[in-house]
Structure formats: C-alpha cells, structure tokens
>>> print(open('coords-v3.cif').read())   # mmCIF, C-alpha atoms and all ligand atoms
data_run
#
loop_
_atom_site.label_atom_id
_atom_site.label_comp_id
_atom_site.auth_asym_id
_atom_site.auth_seq_id
_atom_site.Cartn_x
_atom_site.Cartn_y
_atom_site.Cartn_z
CA MET A 1 89.62 208.17 169.90
CA LEU A 2 91.90 206.94 167.08
CA ARG A 3 93.62 210.36 167.05
CA SER A 4 94.34 210.25 170.78
CA SER A 5 95.54 206.64 170.56
CA LEU A 6 97.96 207.54 167.75
CA LEU A 7 99.19 210.57 169.70
CA TRP A 8 99.69 208.35 172.76
CA LEU A 9 101.67 205.90 170.62
CA SER A 10 103.81 208.79 169.35
CA GLU A 11 105.12 209.20 172.91
CA GLN A 12 106.09 205.53 173.43
CA PRO A 13 109.77 205.18 172.47
CA GLY A 14 109.68 201.48 173.37
CA ILE A 15 107.37 200.84 170.41
CA PHE A 16 109.75 202.67 168.08
CA ASN A 17 112.64 200.51 169.26
CA PHE A 18 110.50 197.53 168.37
CA ILE A 19 109.52 198.65 164.85
CA LYS A 20 112.48 200.77 163.66
CA ASN A 21 114.28 197.93 161.90
CA ASN A 22 111.14 196.76 160.18
CA SER A 23 111.44 197.51 156.46
CA LEU A 24 107.68 197.87 156.06
CA ALA A 25 107.61 200.54 158.78
CA GLY A 26 110.47 202.32 156.98
CA LYS A 27 108.39 202.37 153.81
CA PHE A 28 105.45 203.87 155.74
CA ALA A 29 107.74 206.59 157.06
CA SER A 30 109.16 207.46 153.64
CA ARG A 31 105.78 208.86 152.62
CA PHE A 32 106.28 211.74 155.10
CA VAL A 33 110.01 211.73 155.84
CA ALA A 34 112.68 212.62 153.28
CA GLY A 35 114.98 209.72 154.20
CA GLU A 36 117.28 209.07 157.12
CA THR A 37 120.31 211.09 155.95
CA LEU A 38 121.05 214.74 155.19
CA GLU A 39 121.92 213.70 151.61
CA THR A 40 118.40 212.41 150.95
CA ALA A 41 116.90 215.52 152.52
CA ILE A 42 119.09 217.80 150.39
CA GLU A 43 117.85 215.98 147.28
CA ALA A 44 114.25 216.61 148.40
CA VAL A 45 115.02 220.30 148.94
CA LYS A 46 116.59 220.55 145.48
CA LYS A 47 113.44 219.05 143.94
CA SER A 48 111.25 221.51 145.85
CA ASN A 49 113.45 224.44 144.82
CA ALA A 50 113.33 223.31 141.19
CA ALA A 51 109.52 223.43 141.43
CA GLY A 52 109.68 226.99 142.76
CA LEU A 53 109.05 225.97 146.38
CA THR A 54 111.31 227.00 149.24
CA ALA A 55 112.03 224.58 152.09
CA THR A 56 112.74 224.29 155.78
CA LEU A 57 114.89 221.36 156.89
CA ASP A 58 114.07 219.54 160.10
CA LEU A 59 116.44 217.04 161.68
CA LEU A 60 114.07 214.63 163.42
CA GLY A 61 114.73 213.87 167.06
CA GLU A 62 113.02 215.43 170.05
CA SER A 63 112.85 214.99 173.82
CA VAL A 64 116.61 214.46 173.97
CA SER A 65 117.62 213.37 177.47
CA THR A 66 121.41 213.75 177.63
CA ARG A 67 123.91 216.55 176.96
CA GLU A 68 125.80 214.37 174.50
CA GLU A 69 122.70 213.76 172.38
CA ALA A 70 121.82 217.45 172.37
CA GLU A 71 125.36 218.42 171.37
CA GLN A 72 125.30 215.84 168.60
CA SER A 73 121.98 217.25 167.33
CA ARG A 74 123.41 220.77 167.47
CA GLU A 75 126.41 219.72 165.37
CA GLU A 76 124.12 218.02 162.86
CA VAL A 77 122.09 221.22 162.54
CA VAL A 78 125.34 223.17 162.01
CA GLU A 79 126.03 220.73 159.18
CA ILE A 80 122.59 221.49 157.70
CA LEU A 81 123.35 225.21 157.81
CA ASP A 82 126.75 224.61 156.18
CA ARG A 83 125.15 222.55 153.40
CA ILE A 84 122.34 225.03 152.73
CA HIS A 85 124.98 227.70 152.29
CA ALA A 86 127.43 225.57 150.28
CA GLU A 87 124.76 224.31 147.89
CA GLY A 88 123.02 227.69 147.58
CA LEU A 89 119.66 226.16 148.53
CA ASP A 90 116.57 228.27 149.05
CA ALA A 91 116.01 226.80 152.50
CA ASN A 92 116.19 227.47 156.21
CA VAL A 93 115.97 225.25 159.32
CA SER A 94 113.38 224.37 161.95
CA ILE A 95 114.46 223.15 165.39
CA LYS A 96 112.70 221.73 168.42
CA PRO A 97 114.04 223.19 171.68
CA THR A 98 113.93 219.77 173.40
CA GLN A 99 116.29 218.54 170.71
CA MET A 100 118.78 221.17 171.90
CA GLY A 101 118.46 219.98 175.50
CA LEU A 102 115.51 221.88 176.99
CA ASP A 103 114.63 218.86 179.14
CA VAL A 104 118.25 218.47 180.23
CA ASP A 105 119.00 222.00 181.38
CA GLU A 106 117.46 225.25 180.15
CA GLU A 107 120.70 227.25 180.23
CA PHE A 108 122.49 224.53 178.29
CA CYS A 109 119.68 224.59 175.70
CA ARG A 110 119.94 228.38 175.37
CA ALA A 111 123.70 228.09 174.87
CA ASN A 112 123.22 225.46 172.16
CA LEU A 113 120.69 227.62 170.37
CA ARG A 114 123.01 230.62 170.58
CA LYS A 115 125.81 228.61 169.00
CA LEU A 116 123.44 227.69 166.17
CA MET A 117 122.28 231.27 165.76
CA GLU A 118 125.88 232.42 165.40
CA VAL A 119 126.30 230.03 162.45
CA ALA A 120 122.93 231.09 161.01
CA LYS A 121 123.99 234.73 161.31
CA LYS A 122 127.26 234.04 159.50
CA TYR A 123 125.24 232.65 156.55
CA ASP A 124 122.25 234.99 156.96
CA THR A 125 119.99 231.93 157.24
CA PHE A 126 116.70 231.91 159.12
CA VAL A 127 116.02 229.52 162.04
CA ARG A 128 112.51 228.67 163.28
CA LEU A 129 111.89 227.31 166.77
CA ASP A 130 109.15 224.70 166.35
CA MET A 131 106.53 224.65 169.11
CA GLU A 132 106.14 221.44 171.10
CA ASN A 133 103.40 220.52 173.57
CA ALA A 134 101.88 223.14 175.88
CA THR A 135 104.18 222.36 178.80
CA TYR A 136 106.96 223.98 176.71
CA THR A 137 105.13 227.06 175.40
CA ASP A 138 106.27 229.56 178.06
CA ARG A 139 109.89 228.43 178.01
CA THR A 140 110.03 228.30 174.21
CA LEU A 141 108.60 231.80 173.84
CA GLU A 142 110.96 233.16 176.49
CA ILE A 143 113.94 231.65 174.70
CA PHE A 144 112.61 232.98 171.39
CA GLU A 145 112.30 236.53 172.79
CA GLU A 146 115.83 236.39 174.08
CA LEU A 147 117.19 235.18 170.73
CA ALA A 148 115.07 237.66 168.76
CA ALA A 149 116.51 240.50 170.83
CA ASP A 150 119.96 239.58 169.53
CA TYR A 151 119.30 238.01 166.14
CA GLY A 152 116.17 239.89 165.04
CA ASP A 153 114.47 238.55 161.93
CA LEU A 154 116.83 235.60 161.68
CA VAL A 155 114.77 233.70 164.24
CA GLY A 156 111.06 232.88 164.26
CA ALA A 157 108.42 231.39 166.55
CA VAL A 158 105.40 229.11 166.10
CA ILE A 159 101.95 229.71 167.55
CA GLN A 160 99.28 227.00 167.86
CA THR A 161 95.69 228.15 167.42
CA CYS A 162 94.36 225.29 169.58
CA LEU A 163 95.65 227.06 172.70
CA TYR A 164 93.46 229.59 174.52
CA ARG A 165 96.51 231.74 175.23
CA SER A 166 97.47 232.22 171.57
CA PRO A 167 95.63 235.51 170.78
CA ALA A 168 97.57 237.17 173.62
CA ASP A 169 100.85 235.62 172.45
CA ILE A 170 100.22 236.78 168.88
CA GLU A 171 99.45 240.31 170.08
CA LYS A 172 102.78 240.42 171.88
CA LEU A 173 104.70 238.96 168.94
CA VAL A 174 103.10 241.34 166.46
CA LYS A 175 104.11 244.31 168.60
CA THR A 176 107.75 243.18 168.59
CA ARG A 177 107.65 242.58 164.78
CA SER A 178 108.44 238.91 165.38
CA ARG A 179 108.34 236.32 162.64
CA VAL A 180 105.47 233.89 163.32
CA ARG A 181 104.39 230.57 161.80
CA LEU A 182 100.73 229.85 162.54
CA VAL A 183 99.65 226.20 163.01
CA LYS A 184 96.60 224.47 164.48
CA GLY A 185 98.73 222.37 166.87
CA ALA A 186 99.84 218.76 166.57
CA TYR A 187 99.78 217.57 170.20
CA ALA A 188 97.10 216.08 172.45
CA GLU A 189 96.42 218.89 174.92
CA PRO A 190 94.14 218.96 177.98
CA GLU A 191 90.91 220.97 177.88
CA SER A 192 92.34 223.23 180.56
CA VAL A 193 94.68 224.80 177.97
CA ALA A 194 93.27 223.99 174.51
CA TYR A 195 89.97 223.95 172.61
CA PRO A 196 88.57 220.44 172.52
CA LYS A 197 86.44 221.21 169.43
CA LYS A 198 88.05 221.42 165.97
CA GLN A 199 85.69 224.19 164.87
CA ASP A 200 87.03 226.47 167.63
CA VAL A 201 90.61 225.73 166.58
CA ASP A 202 89.69 226.56 162.96
CA ASP A 203 87.88 229.78 163.93
CA ALA A 204 90.92 230.86 165.95
CA TYR A 205 93.11 230.03 162.95
CA CYS A 206 91.13 232.40 160.73
CA ASN A 207 91.09 235.18 163.33
CA LEU A 208 94.81 234.96 163.99
CA THR A 209 95.57 234.75 160.27
CA ASP A 210 93.84 238.13 159.88
CA VAL A 211 95.93 239.68 162.66
CA LEU A 212 99.17 238.32 161.23
CA LEU A 213 98.40 239.31 157.66
CA GLU A 214 97.47 242.83 158.63
CA ARG A 215 100.10 243.55 161.27
CA GLY A 216 102.63 240.70 161.22
CA ASN A 217 106.16 240.52 159.85
CA TYR A 218 106.18 238.09 156.90
CA PRO A 219 103.94 235.52 158.65
CA ALA A 220 103.70 231.89 157.59
CA MET A 221 100.34 230.16 157.43
CA ALA A 222 101.26 226.49 157.89
CA THR A 223 98.22 224.40 157.03
CA HIS A 224 96.84 221.99 154.42
CA ASP A 225 93.30 223.07 155.17
CA GLU A 226 91.85 224.60 152.02
CA VAL A 227 89.27 226.53 154.02
CA MET A 228 92.05 228.24 156.02
CA ILE A 229 94.07 228.85 152.86
CA GLU A 230 91.11 230.35 150.98
CA HIS A 231 90.36 232.54 154.00
CA ALA A 232 93.94 233.88 154.01
CA LYS A 233 93.89 234.52 150.25
CA ARG A 234 90.54 236.33 150.45
CA PHE A 235 91.58 238.45 153.43
CA ALA A 236 94.89 239.41 151.82
CA LYS A 237 93.16 240.42 148.59
CA ALA A 238 90.49 242.45 150.42
CA LYS A 239 93.18 244.34 152.36
CA ASN A 240 95.53 244.74 149.39
CA ILE A 241 98.25 242.70 151.08
CA SER A 242 100.48 241.48 148.26
CA PRO A 243 101.50 237.78 148.13
CA ASP A 244 105.15 238.61 148.75
CA ARG A 245 104.31 239.72 152.31
CA PHE A 246 103.51 236.23 153.63
CA GLU A 247 103.97 232.56 152.82
CA PHE A 248 102.11 229.28 153.02
CA GLN A 249 103.87 226.27 154.49
CA MET A 250 103.06 222.58 154.13
CA LEU A 251 104.61 219.31 155.17
CA TYR A 252 106.70 217.12 152.89
CA GLY A 253 104.45 214.53 151.25
CA VAL A 254 101.19 216.23 152.20
CA ARG A 255 98.97 217.85 149.54
CA ARG A 256 101.70 218.21 146.94
CA ASP A 257 98.95 219.16 144.46
CA LEU A 258 97.96 222.13 146.61
CA GLN A 259 101.60 223.18 147.10
CA THR A 260 102.20 223.50 143.35
CA GLN A 261 98.79 225.01 142.69
CA LEU A 262 99.41 227.82 145.20
CA ARG A 263 102.84 228.44 143.72
CA SER A 264 101.36 228.67 140.22
CA GLU A 265 98.91 231.27 141.55
CA GLY A 266 101.91 233.37 142.63
CA TYR A 267 102.01 232.58 146.36
CA ASN A 268 105.20 231.79 148.26
CA VAL A 269 105.13 228.18 149.44
CA ARG A 270 107.63 226.53 151.79
CA VAL A 271 107.84 222.77 152.28
CA TYR A 272 108.82 221.42 155.70
CA VAL A 273 111.31 218.63 154.98
CA PRO A 274 111.94 216.29 157.95
CA TYR A 275 114.67 213.68 157.82
CA GLY A 276 116.66 211.46 160.15
CA THR A 277 116.52 208.16 161.95
CA GLN A 278 114.18 209.39 164.70
CA TRP A 279 111.07 209.46 162.51
CA TYR A 280 108.63 207.58 164.72
CA PRO A 281 106.95 210.38 166.80
CA TYR A 282 106.75 212.59 163.71
CA LEU A 283 105.11 209.86 161.63
CA MET A 284 102.59 209.05 164.36
CA ARG A 285 101.57 212.72 164.65
CA ARG A 286 101.00 212.83 160.88
CA LEU A 287 98.85 209.71 161.03
CA ALA A 288 96.90 211.17 163.95
CA GLU A 289 96.09 214.26 161.88
CA ARG A 290 94.54 212.14 159.20
CA PRO A 291 93.94 208.53 160.20
CA ALA A 292 92.86 207.88 156.58
CA ASN A 293 96.60 208.07 155.85
CA ILE A 294 97.03 204.67 157.45
CA ALA A 295 94.90 203.05 154.75
CA PHE A 296 96.50 205.27 152.08
CA ILE A 297 100.05 204.33 153.05
CA VAL A 298 99.28 200.65 153.51
CA GLY A 299 97.65 200.64 150.06
CA ASN A 300 100.70 202.28 148.46
CA VAL A 301 103.18 199.98 150.18
CA ILE A 302 101.21 196.91 149.07
CA LYS A 303 101.01 198.26 145.49
CA GLU A 304 104.78 198.90 145.43
CA SER A 305 105.56 195.48 146.92
CA VAL A 306 103.38 193.75 144.31
CA ARG A 307 105.00 195.79 141.50
CA GLY A 308 108.47 194.99 142.87
CA ARG A 309 107.91 191.24 142.62
C1 LIG B 401 105.07 223.63 157.85
C2 LIG B 401 104.40 223.12 159.10
C3 LIG B 401 105.02 223.27 160.32
C4 LIG B 401 104.40 222.83 161.48
N1 LIG B 401 105.00 223.08 162.70
C5 LIG B 401 104.33 222.74 163.82
C6 LIG B 401 104.84 223.07 165.10
O1 LIG B 401 105.92 223.67 165.24
N2 LIG B 401 104.12 222.71 166.20
C7 LIG B 401 102.91 222.05 166.09
O2 LIG B 401 102.28 221.79 167.11
N3 LIG B 401 102.42 221.72 164.89
C8 LIG B 401 103.09 222.03 163.77
N4 LIG B 401 102.55 221.68 162.55
C9 LIG B 401 101.41 220.75 162.48
C10 LIG B 401 100.08 221.46 162.61
O3 LIG B 401 99.91 221.91 163.94
C11 LIG B 401 98.92 220.51 162.26
O4 LIG B 401 98.93 219.43 163.14
C12 LIG B 401 98.96 220.00 160.85
O5 LIG B 401 99.37 220.98 159.94
C13 LIG B 401 97.56 219.51 160.41
O6 LIG B 401 96.65 220.56 160.48
P1 LIG B 401 96.07 221.33 159.19
O7 LIG B 401 96.21 222.78 159.45
O8 LIG B 401 96.72 220.86 157.96
O9 LIG B 401 94.52 221.05 159.24
P2 LIG B 401 93.64 219.77 159.52
O10 LIG B 401 92.33 220.28 159.94
O11 LIG B 401 94.35 218.77 160.38
O12 LIG B 401 93.53 219.15 158.08
C14 LIG B 401 92.88 219.81 157.01
C15 LIG B 401 93.00 218.97 155.77
O13 LIG B 401 94.36 218.93 155.37
C16 LIG B 401 94.73 217.65 154.93
N5 LIG B 401 95.75 217.09 155.86
C17 LIG B 401 96.09 217.55 157.08
N6 LIG B 401 97.07 216.81 157.63
C18 LIG B 401 97.31 215.85 156.75
C19 LIG B 401 98.20 214.75 156.74
N7 LIG B 401 99.03 214.50 157.76
N8 LIG B 401 98.19 213.95 155.65
C20 LIG B 401 97.37 214.20 154.60
N9 LIG B 401 96.49 215.21 154.56
C21 LIG B 401 96.47 216.01 155.61
C22 LIG B 401 93.47 216.83 154.91
O14 LIG B 401 92.86 216.97 153.65
C23 LIG B 401 92.62 217.50 155.96
O15 LIG B 401 91.27 217.28 155.78
C24 LIG B 401 103.15 222.16 161.39
C25 LIG B 401 102.51 222.04 160.15
C26 LIG B 401 103.11 222.51 159.02
C27 LIG B 401 102.38 222.38 157.72
#
>>> encode(input="coords-v3.cif", output="structure tokens", more="lines below")
Ligand SMILES: Cc1cc2nc3c(=O)[nH]c(=O)nc-3n(C[C@H](O)[C@H](O)[C@H](O)COP(=O)(O)OP(=O)(O)OC[C@H]3O[C@@H](n4cnc5c(N)ncnc54)[C@H](O)[C@@H]3O)c2cc1C
Amino acid sequence: MLRSSLLWLSEQPGIFNFIKNNSLAGKFASRFVAGETLETAIEAVKKSNAAGLTATLDLLGESVSTREEAEQSREEVVEILDRIHAEGLDANVSIKPTQMGLDVDEEFCRANLRKLMEVAKKYDTFVRLDMENATYTDRTLEIFEELAADYGDLVGAVIQTCLYRSPADIEKLVKTRSRVRLVKGAYAEPESVAYPKKQDVDDAYCNLTDVLLERGNYPAMATHDEVMIEHAKRFAKAKNISPDRFEFQMLYGVRRDLQTQLRSEGYNVRVYVPYGTQWYPYLMRRLAERPANIAFIVGNVIKESVRGR
C-alpha cells in the first residue's frame, strides 16, 4: 500500500514543483542523488573509482515532453561523455529513452540516441539504455537491437525480472551476445504483465542470473539483495565462471558496506550515480523500494540539523 502510494507520488510532477525549493527535501534527496550538477557527480565518481568501484552516470530527467528538452538532455549527456573521457574516469553512462524524446517522437528519439552513440564510439565508452515502465519495453528493446546492430558491445539493455516476458527477452538477448543488466523492476506494473508477489520476482531473478552468468556477455546483476548476490556468487563458483566475466551494480547511497565488501572479495562493482535537478521521481522510487528509508533519512536530516546549530 505504502509502496504503491509512493510510486503514484513519483508520477505527480505537480508535487515536485511544490517541494523542489524546499531545503529539507533537497537534503532528503542528497542521500540518493549525487548533487544537482555534473561537477558534484564527477566528484562522487572519483570517490567511487578511488575505492576500486566503477560507476555509471545518470542525468536525472525522464518523460521529457518537448523536442527542446530532449535536445538539451542529449547535449548534457554529450558533456558527461566528454568529461568521462577528459578526466579518465572509470565510468560509463545510463540513459532513459523518454529523456531522449521517446514520448515526443520515436524517430526523433532514435536520432538523438544515435548522435550520443557516435560520441560514445569516439571515446569507446559504454552506454546503457535504462528500462522504464512496461509500456516502453517493446520500443526500448527494438531501439536497443537497432543500436546494438551498429554499435555492438558499446550499448547495453536492462531486463526486469518482475515481467512475465523477461525469460523470452533474455533468451533473445543472450543469442545476440547482448550486454544485459538484470534488475527486479522499479515501477508499479499491472498483474497482467508482472508478478504481483515478490517471491516470484526473486525466483525469476535467480533463474535469469543463471542464464546470464552461463551464456551472457559480461552481464550486470544490479541488486542490493544479499540473497540474490549470494546466489550469483555460488552459481558462478560452481560453474567456474571467474569474477571478471560479470559485475554487480548498486545505487549511489544504497548498501555502501556491501559495495566495498564485494570489491574486497574480488568482484567488479559498479555504482549508479544519478545527478541533476529532476531528482523527484527517482527519489520516490527509492523510497518505495524501502519505505524504512523515510524514517532513516528523516532521522539523519534531523541529526545533521541539530549538529549544525
Ligand atoms: C544499478 C541499478 C540500475 C537499475 N536500473 C533500473 C532500470 O533500468 N529499470 C528499473 O526498472 N529498475 C532499475 N533498478 C532498480 C531495481 O529494479 C530495483 O527497484 C532496486 O534495485 C531494488 O531492488 P533490489 O534488487 O535491491 O531488491 P529488493 O528486494 O527491493 O531489496 C533487497 C534489499 O536491498 C536493500 N535495498 C533495496 N533497495 C534499497 C533502497 N532504495 N535503500 C536502501 N536499501 C535498499 C534492502 O536491504 C532490501 O531489503 C536499478 C537498480 C540498480 C541497483
């Protein structure tokens, strides 16, 4: 109930307009978002790299509704790619297709993504297409296939284990040697397309992890769930799949202890570093995943405010 309410709130831009200038809300966001500017995000990436963790940078902002906004987002992502290259960071980028104009015009979105891929190719930097809600899955995978045909391993897809269709999608992606990030899925989906029970989503996660580890092309297991992580480690060991053939991914600010622990055990770990002014839907999805975060963040903000007095 709380989860679905938070996910509903994540889709109400009017509420964001109301709270975005509230400094307390900004403090909440900073727990999960690496600041509002590229500079702050670059600093976060440098810290991750220094700790032996790689990163993926995500310019926040989705469901863009005009060409101008999409073009502006595209240029900002070009700037990210330029900076990654100029600073020699061990990082790549993640992009949401709606941020590149998928809701405006599909051809326009494809053209924007192609422009980005040309820059990524110049720098030999990887670009991941994040997966949004299930109404976008077909279009996102079609666009991915088209880009992968031209840019190969420089582009990757995301598959959500909550969706019934995912085993078939994984099978197809494995056959084409596509780069896949596996996630449980962050959106409220109807029962017609997604498992309503968490246990089924988790079981599917383990099954699809096995397929990707055995037959995938450098898959990424993106989860903070220790049961999923232990499963992947056990399966890889049993099948003699060495740790350099896959990576774990986690979100900025979530389970930092686990991120460094996995790295110290010799696993590749990538941190997803979101930044930008459009942090509201992202923050609400993170709170929906773990409503206990609300109390955690409020507690921290109060502690910091008291200390600051
Ligand atoms: C790198 C990365 C990229 C992602 N990309 C996408 C994408 O493109 N599309 C998409 O739909 N989803 C994406 N997600 C989100 C994903 O679908 C899940 O919603 C999210 O990862 C939470 O699920 P979980 O696997 O961590 O397991 P859960 O079962 O949600 O959580 C397991 C445990 O992990 C910890 N945990 C989980 N979330 C949090 C949190 N927010 N704060 C604190 N602790 C937490 C808690 O201890 C919890 O008990 C991404 C996630 C990651 C890590």
>>> residues_around(input="coords-v3.cif", residues="Arg234 (chain A)", least_positions_apart="6", cutoff="12 Å", atoms="only C-alpha atoms", output="MDAnalysis selection string")
chainID A and resid 206 209:210 213 226:228 240:243
>>> residues_around(input="coords-v3.cif", residues="Ala188 (chain A)", least_positions_apart="2", cutoff="12 Å", atoms="all atoms listed in the file", output="PyMOL selection string")
chain A and resi 1-11+132-135+162-163+184-186+190-196+285+288-289
>>> atom_distance(input="coords-v3.cif", atom1="CA of Asp58 (chain A)", atom2="CA of Ile80 (chain A)")
9.1 Å
>>> closest_residue(input="coords-v3.cif", among="A:Ser178, A:Asn112, A:Thr223, A:Gln278", to="ligand LIG 401 (chain B)", atoms="all atoms listed in the file")
A:Thr223
>>> atom_distance(input="coords-v3.cif", atom1="CA of Ser264 (chain A)", atom2="CA of Leu53 (chain A)")
10.2 Å
>>> closest_atom_pairs(input="coords-v3.cif", of="chain A", to="ligand LIG 401 (chain B)", cutoff="7 Å", atoms="all atoms listed in the file", output="JSON lines")
{"residue": "A:Asp130", "atom": "CA", "partner": "B:LIG401", "partner_atom": "O1", "distance": 3.6}
{"residue": "A:Met131", "atom": "CA", "partner": "B:LIG401", "partner_atom": "O1", "distance": 4.0}
{"residue": "A:Glu132", "atom": "CA", "partner": "B:LIG401", "partner_atom": "N2", "distance": 5.5}
{"residue": "A:Asn133", "atom": "CA", "partner": "B:LIG401", "partner_atom": "O2", "distance": 6.7}
{"residue": "A:Val158", "atom": "CA", "partner": "B:LIG401", "partner_atom": "O1", "distance": 5.5}
{"residue": "A:Gln160", "atom": "CA", "partner": "B:LIG401", "partner_atom": "O2", "distance": 6.1}
{"residue": "A:Val183", "atom": "CA", "partner": "B:LIG401", "partner_atom": "O3", "distance": 4.4}
{"residue": "A:Lys184", "atom": "CA", "partner": "B:LIG401", "partner_atom": "O3", "distance": 4.2}
{"residue": "A:Gly185", "atom": "CA", "partner": "B:LIG401", "partner_atom": "O3", "distance": 3.2}
{"residue": "A:Ala186", "atom": "CA", "partner": "B:LIG401", "partner_atom": "O4", "distance": 3.6}
{"residue": "A:Tyr187", "atom": "CA", "partner": "B:LIG401", "partner_atom": "O2", "distance": 5.8}
{"residue": "A:Ala222", "atom": "CA", "partner": "B:LIG401", "partner_atom": "C27", "distance": 4.3}
{"residue": "A:Thr223", "atom": "CA", "partner": "B:LIG401", "partner_atom": "O7", "distance": 3.5}
{"residue": "A:His224", "atom": "CA", "partner": "B:LIG401", "partner_atom": "O8", "distance": 3.7}
{"residue": "A:Asp225", "atom": "CA", "partner": "B:LIG401", "partner_atom": "C14", "distance": 3.8}
{"residue": "A:Glu226", "atom": "CA", "partner": "B:LIG401", "partner_atom": "C15", "distance": 6.9}
{"residue": "A:Gln249", "atom": "CA", "partner": "B:LIG401", "partner_atom": "C1", "distance": 4.4}
{"residue": "A:Met250", "atom": "CA", "partner": "B:LIG401", "partner_atom": "C27", "distance": 3.7}
{"residue": "A:Leu251", "atom": "CA", "partner": "B:LIG401", "partner_atom": "C27", "distance": 4.6}
{"residue": "A:Val254", "atom": "CA", "partner": "B:LIG401", "partner_atom": "C20", "distance": 4.9}
{"residue": "A:Arg255", "atom": "CA", "partner": "B:LIG401", "partner_atom": "N9", "distance": 6.2}
{"residue": "A:Val271", "atom": "CA", "partner": "B:LIG401", "partner_atom": "C1", "distance": 6.3}
{"residue": "A:Tyr272", "atom": "CA", "partner": "B:LIG401", "partner_atom": "C1", "distance": 4.9}
{"residue": "A:Arg286", "atom": "CA", "partner": "B:LIG401", "partner_atom": "N7", "distance": 4.1}
{"residue": "A:Leu287", "atom": "CA", "partner": "B:LIG401", "partner_atom": "N7", "distance": 5.8}
{"residue": "A:Glu289", "atom": "CA", "partner": "B:LIG401", "partner_atom": "N6", "distance": 5.1}
{"residue": "A:Arg290", "atom": "CA", "partner": "B:LIG401", "partner_atom": "C19", "distance": 5.1}
{"residue": "A:Asn293", "atom": "CA", "partner": "B:LIG401", "partner_atom": "N8", "distance": 6.1}
>>> write_last_selection(input="coords-v3.cif", atoms="C-alpha atoms", output="mmCIF file, in the frame of the given file")
data_model
loop_
_atom_site.group_PDB
_atom_site.id
_atom_site.type_symbol
_atom_site.label_atom_id
_atom_site.label_comp_id
_atom_site.auth_asym_id
_atom_site.auth_seq_id
_atom_site.Cartn_x
_atom_site.Cartn_y
_atom_site.Cartn_z
ATOM 1 C CA ASP A 130 109.150 224.700 166.350
ATOM 2 C CA MET A 131 106.530 224.650 169.110
ATOM 3 C CA GLU A 132 106.140 221.440 171.100
ATOM 4 C CA ASN A 133 103.400 220.520 173.570
ATOM 5 C CA VAL A 158 105.400 229.110 166.100
ATOM 6 C CA GLN A 160 99.280 227.000 167.860
ATOM 7 C CA VAL A 183 99.650 226.200 163.010
ATOM 8 C CA LYS A 184 96.600 224.470 164.480
ATOM 9 C CA GLY A 185 98.730 222.370 166.870
ATOM 10 C CA ALA A 186 99.840 218.760 166.570
ATOM 11 C CA TYR A 187 99.780 217.570 170.200
ATOM 12 C CA ALA A 222 101.260 226.490 157.890
ATOM 13 C CA THR A 223 98.220 224.400 157.030
ATOM 14 C CA HIS A 224 96.840 221.990 154.420
ATOM 15 C CA ASP A 225 93.300 223.070 155.170
ATOM 16 C CA GLU A 226 91.850 224.600 152.020
ATOM 17 C CA GLN A 249 103.870 226.270 154.490
ATOM 18 C CA MET A 250 103.060 222.580 154.130
ATOM 19 C CA LEU A 251 104.610 219.310 155.170
ATOM 20 C CA VAL A 254 101.190 216.230 152.200
ATOM 21 C CA ARG A 255 98.970 217.850 149.540
ATOM 22 C CA VAL A 271 107.840 222.770 152.280
ATOM 23 C CA TYR A 272 108.820 221.420 155.700
ATOM 24 C CA ARG A 286 101.000 212.830 160.880
ATOM 25 C CA LEU A 287 98.850 209.710 161.030
ATOM 26 C CA GLU A 289 96.090 214.260 161.880
ATOM 27 C CA ARG A 290 94.540 212.140 159.200
ATOM 28 C CA ASN A 293 96.600 208.070 155.850
#
>>> closest_residue(input="coords-v3.cif", among="A:Ile294, A:Ile42, A:Met100, A:Ala51", to="Ala86 (chain A)", atoms="only C-alpha atoms")
A:Ile42
>>> atom_distance(input="coords-v3.cif", atom1="CA of Ala70 (chain A)", atom2="CA of Lys115 (chain A)")
12.3 Å
>>> residues_near_point(input="coords-v3.cif", point="(98.8, 233.0, 170.1)", cutoff="10 Å", atoms="only C-alpha atoms", output="mmCIF file with C-alpha atoms, in the coordinates of the input")
data_model
loop_
_atom_site.group_PDB
_atom_site.id
_atom_site.type_symbol
_atom_site.label_atom_id
_atom_site.label_comp_id
_atom_site.auth_asym_id
_atom_site.auth_seq_id
_atom_site.Cartn_x
_atom_site.Cartn_y
_atom_site.Cartn_z
ATOM 1 C CA VAL A 158 105.400 229.110 166.100
ATOM 2 C CA ILE A 159 101.950 229.710 167.550
ATOM 3 C CA GLN A 160 99.280 227.000 167.860
ATOM 4 C CA THR A 161 95.690 228.150 167.420
ATOM 5 C CA CYS A 162 94.360 225.290 169.580
ATOM 6 C CA LEU A 163 95.650 227.060 172.700
ATOM 7 C CA TYR A 164 93.460 229.590 174.520
ATOM 8 C CA ARG A 165 96.510 231.740 175.230
ATOM 9 C CA SER A 166 97.470 232.220 171.570
ATOM 10 C CA PRO A 167 95.630 235.510 170.780
ATOM 11 C CA ALA A 168 97.570 237.170 173.620
ATOM 12 C CA ASP A 169 100.850 235.620 172.450
ATOM 13 C CA ILE A 170 100.220 236.780 168.880
ATOM 14 C CA GLU A 171 99.450 240.310 170.080
ATOM 15 C CA LYS A 172 102.780 240.420 171.880
ATOM 16 C CA LEU A 173 104.700 238.960 168.940
ATOM 17 C CA VAL A 180 105.470 233.890 163.320
ATOM 18 C CA LEU A 182 100.730 229.850 162.540
ATOM 19 C CA VAL A 183 99.650 226.200 163.010
ATOM 20 C CA ALA A 204 90.920 230.860 165.950
ATOM 21 C CA TYR A 205 93.110 230.030 162.950
ATOM 22 C CA LEU A 208 94.810 234.960 163.990
#
>>> residues_around(input="coords-v3.cif", residues="Val273 (chain A)", least_positions_apart="5", cutoff="7 Å", atoms="all atoms listed in the file", output="ChimeraX atom specification")
/A:34,41,55-58,251-252
